[in-house]
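What follows is a single structure, written as structure tokens, with notes after it.
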Amino acid sequence: LVTTMPYEDISISLIAQEAGVGRPTFYRQYRDVNAMLIERLRADLDAQYAVARRMRAERRSVRDTLLATAQMMLESIAAEPALYTPLFNGAAGANSLTIFREQIDRLLVLMPYPRSVMRGRSAALTAGMLAGGISGFILSWIETGMPCSPREAAEIMTEMVAPTTP
């Protein structure tokens, strides 16, 4: 449905009809349309976190881990951009952005970023700044028609978040 109509026009009735179930069946699983979309985001973020944990357990570099997890997320988004747009532009509610910020918090525990004293002084502000910047980058990438591949976008994003030193 998100590929055929504006997100705000999608109703529970339309989803139930498309799925061939009744509205009560939908409500047994989800509170509303946003909750369904947010569950998808949570699943994607959990998969991304599992990759980050595995890579860090293998003692892979922070940069390699950032690049791999960013590319993983961007590939999912590239496959279904209409599904992710309402998550990153706020149409699916503030919860999606909060969940994205929580993911950044989880990743910061795994990875020693930033290397400065700022993380120790205000981890919450650091996570908020990173989440805002990354979600803004992703939304711009989607809205501009994904002008580069997920790999290239992941490289740009990783360089912005953890620049290489000359």
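Residues in the structure tokens are numbered from 1 in each chain, the chains being A, B, ... in the order shown, and ligands are numbered from 1 in the order shown.
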
Can you tell me which residues surround A:Ser11 at a distance of at most 9 Å, considering only C-alpha atoms, apart from same-chain residues fewer than 5 positions away, and format the answer as a short mmCIF file (atom, residue, chain, number, x, y, z; two decimals) with N, CA, C and O atoms, in the first residue's frame?
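Written file, part_25.cif:
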```cif
data_model
loop_
_atom_site.label_atom_id
_atom_site.label_comp_id
_atom_site.auth_asym_id
_atom_site.auth_seq_id
_atom_site.Cartn_x
_atom_site.Cartn_y
_atom_site.Cartn_z
N ALA A 16 -6.27 -4.51 6.42
CA ALA A 16 -7.00 -5.77 6.68
C ALA A 16 -7.55 -6.34 5.38
O ALA A 16 -7.44 -7.55 5.13
N ASP A 32 -2.05 0.32 15.90
CA ASP A 32 -2.43 1.17 14.78
C ASP A 32 -1.47 0.93 13.62
O ASP A 32 -0.58 0.08 13.71
N VAL A 33 -1.65 1.67 12.53
CA VAL A 33 -0.81 1.50 11.35
C VAL A 33 0.65 1.81 11.69
O VAL A 33 1.57 1.09 11.26
#
```

Each residue of stretch 12-113 of chain A lying at most 9 Å from stretch 129-148 of chain A should get a row with its shortest atom-to-atom pair and the distance in Å to one decimal, counting only C-alpha atoms; could you produce that, ordered by chain and increasing number, as JSON lines?
```
{"residue": "A:Leu74", "atom": "CA", "partner": "A:Ile138", "partner_atom": "CA", "distance": 7.8}
{"residue": "A:Ile77", "atom": "CA", "partner": "A:Ile142", "partner_atom": "CA", "distance": 8.1}
{"residue": "A:Ala78", "atom": "CA", "partner": "A:Met146", "partner_atom": "CA", "distance": 7.5}
{"residue": "A:Pro81", "atom": "CA", "partner": "A:Ile142", "partner_atom": "CA", "distance": 6.5}
{"residue": "A:Ala82", "atom": "CA", "partner": "A:Ile142", "partner_atom": "CA", "distance": 8.7}
{"residue": "A:Tyr84", "atom": "CA", "partner": "A:Ile142", "partner_atom": "CA", "distance": 8.6}
{"residue": "A:Thr85", "atom": "CA", "partner": "A:Leu139", "partner_atom": "CA", "distance": 6.8}
{"residue": "A:Phe88", "atom": "CA", "partner": "A:Leu139", "partner_atom": "CA", "distance": 5.8}
{"residue": "A:Asn89", "atom": "CA", "partner": "A:Leu139", "partner_atom": "CA", "distance": 6.7}
{"residue": "A:Leu97", "atom": "CA", "partner": "A:Ser135", "partner_atom": "CA", "distance": 7.9}
{"residue": "A:Thr98", "atom": "CA", "partner": "A:Ala131", "partner_atom": "CA", "distance": 8.9}
{"residue": "A:Phe100", "atom": "CA", "partner": "A:Ala131", "partner_atom": "CA", "distance": 6.6}
{"residue": "A:Arg101", "atom": "CA", "partner": "A:Ala131", "partner_atom": "CA", "distance": 5.1}
{"residue": "A:Glu102", "atom": "CA", "partner": "A:Ala131", "partner_atom": "CA", "distance": 8.6}
{"residue": "A:Gln103", "atom": "CA", "partner": "A:Ala131", "partner_atom": "CA", "distance": 8.4}
{"residue": "A:Ile104", "atom": "CA", "partner": "A:Ala131", "partner_atom": "CA", "distance": 6.2}
{"residue": "A:Asp105", "atom": "CA", "partner": "A:Ala131", "partner_atom": "CA", "distance": 8.9}
```

What are the nearest atom pairs, with distances in Å to one decimal, for all residues of stretch 11-102 of chain A that come at most 12 Å from stretch 155-166 of chain A, using only C-alpha atoms, set out by chain and rising residue number as CSV?
```
residue,atom,partner,partner_atom,distance
A:Ser61,CA,A:Ala162,CA,11.4
A:Val62,CA,A:Ala162,CA,8.7
A:Arg63,CA,A:Ala162,CA,6.9
A:Asp64,CA,A:Thr158,CA,9.0
A:Thr65,CA,A:Thr158,CA,9.6
A:Leu66,CA,A:Thr158,CA,6.3
A:Leu67,CA,A:Thr158,CA,5.8
A:Ala68,CA,A:Glu155,CA,9.3
A:Thr69,CA,A:Thr158,CA,9.8
A:Ala70,CA,A:Thr158,CA,7.6
A:Gln71,CA,A:Glu155,CA,8.1
A:Met72,CA,A:Glu155,CA,11.8
A:Met73,CA,A:Met157,CA,11.7
A:Leu74,CA,A:Met157,CA,10.4
```

remark   = One residue among A:Ser76, A:Ser96, A:Asn34, A:Ser122 is nearest to A:Ile10 when using only C-alpha atoms, and that residue is A:Asn34

request  = For A:Gly93, work out the shell of residues within 10 Å, counting only C-alpha atoms and skipping chain neighbours fewer than 6 positions away, then give it as a ChimeraX atom specification.
outcome  = /A:34-35,38,86-87

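When only C-alpha atoms are used to compute distances to A:Asp9, the closest of the residues A:Ala123, A:Ala91, A:Ala154, A:Leu107 turns out to be A:Ala91.
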